[in-house]
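Here is the structure we will look at, set down as structure tokens.
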Amino acid sequence: MNATRFEWGGAMVKDSSQRAMDSGHKNEDAVAPKTAKGIVKDNSSQRASLGNDDANQAGSFFVEMKPFLSVDQQVRHLVETGIECPDLNEAKELLEDINYYRLRAYWMTFEHNGQIAKATELSSIVDIYRLDAALRQWLWAAIQPIEIKIRTSFAYFLSRDYGPLAYRDSLLFADSSRHGGLLSSIDQEIARAKKNQEPCVCHNLEKYGDLPCWAVVEVMTMGQVSSLIGLLRDDFRTAPTAKAIAGAFGQRPPILKSWLMHLCAVRNLCAHQGRFYNRVMRIRPKMLRKDIRWASNKEFPTFIVIKRLFEQTWPDRWNDMAIELGHIIDAYPNVSLAPMGFPDCWREVLGVPKAENGSEADAWAEQ
């Protein structure tokens, strides 16, 4: 009997009967996969599910991929979806700049049970998109000094207490397996930097054969630095070091570790131009006792975390950042902040003054 094979990403996936023959075992169910309603018909979709074998034998199939749509077809689809597009040419120009699938995520706010709310205009969706883009720029600028300082503090205190190669000492970290995996990924970053002829990396490798803490932190990703800090042992060995690193931000180690992991996720989202508005944040930051009422899996806690870090580290800089944040949000008065978990008193909580006039907000909207 010839085995049926399915094409999948260039690889041939054998069906259950062929797998049974290859393994030398008889498979009674291999002749005809069954579903709860009986035999799968021959005209079923030929896309096999790559789940477990039982799922394939039970007749689990993928649906047909949606066809390609030209920009004109995408505009028509927008209208058919229920989105009001007064100027079709403007809608076309928009979709030539912004991927339909990217924009699609922003009108979920207007959906209920798969239906777009009546009178939803494309301009309202674009306002959310532009607010989201502006907030990502603000977040990127806010996280940048935090990232640089955490690299600096980690390298300084770890090498001060345990030497220039302390980041390679598994005894200083709680999980030797995870630490080993991190070292492997860090070595890959070092190799990549060497290939790119980074002067600092080449100099240290040629002279010392390795990179000290203060050099390797400039090669590591933010995720690697955050993970190493998160793995620092909390016993007598490294507790003083962990406290010193967290103390540079005026926080306790458990709080800082949580905040760094959260901000790392936000940073990467911003770096890849991902959607921040109305997102479920999978990595939730621990909140200080005074902020516990604002804890959620939405975006508002991100701003509280950044505010607390600036208050303790650069207190004279937060006021300007808060004013800028207010200008960004005020530029889009019709966009609801509720999907981001913002309370009505968000200005008071974040220390954002009310806009006295619309000039600054208008400037943001025109960007």
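Ligands are numbered from 1 in the order shown, chains are lettered A, B, ... in the order of the structure tokens, and residues start at 1 in each chain.
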Please identify all polymer residues within 8 Å of stretch 174-176 of chain A, counting only C-alpha atoms, omitting same-chain residues fewer than 3 positions from it, and present them as a list in words.
Ser170, Leu171, His179, Gly180, Leu231, Leu232 and Arg233 of chain A
For atom CA of A:Gln188 and atom CA of A:Ser226, quote the distance in Å rounded to one decimal.
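Between atom CA of A:Gln188 and atom CA of A:Ser226 the gap is 17.2 Å.
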Which residues, written as a ChimeraX atom specification, have at least one atom at most 12 Å from A:Glu311, with only C-alpha atoms counted and residues fewer than 2 positions away on the same chain left out?
/A:249-251,304-309,313-319,321-322,350-351
Shell around A:Ala248 at 12 Å using only C-alpha atoms, local window under 2 positions removed, as a ChimeraX atom specification:
/A:146,149-154,156-157,241-246,250-253,256,309-310,312-314
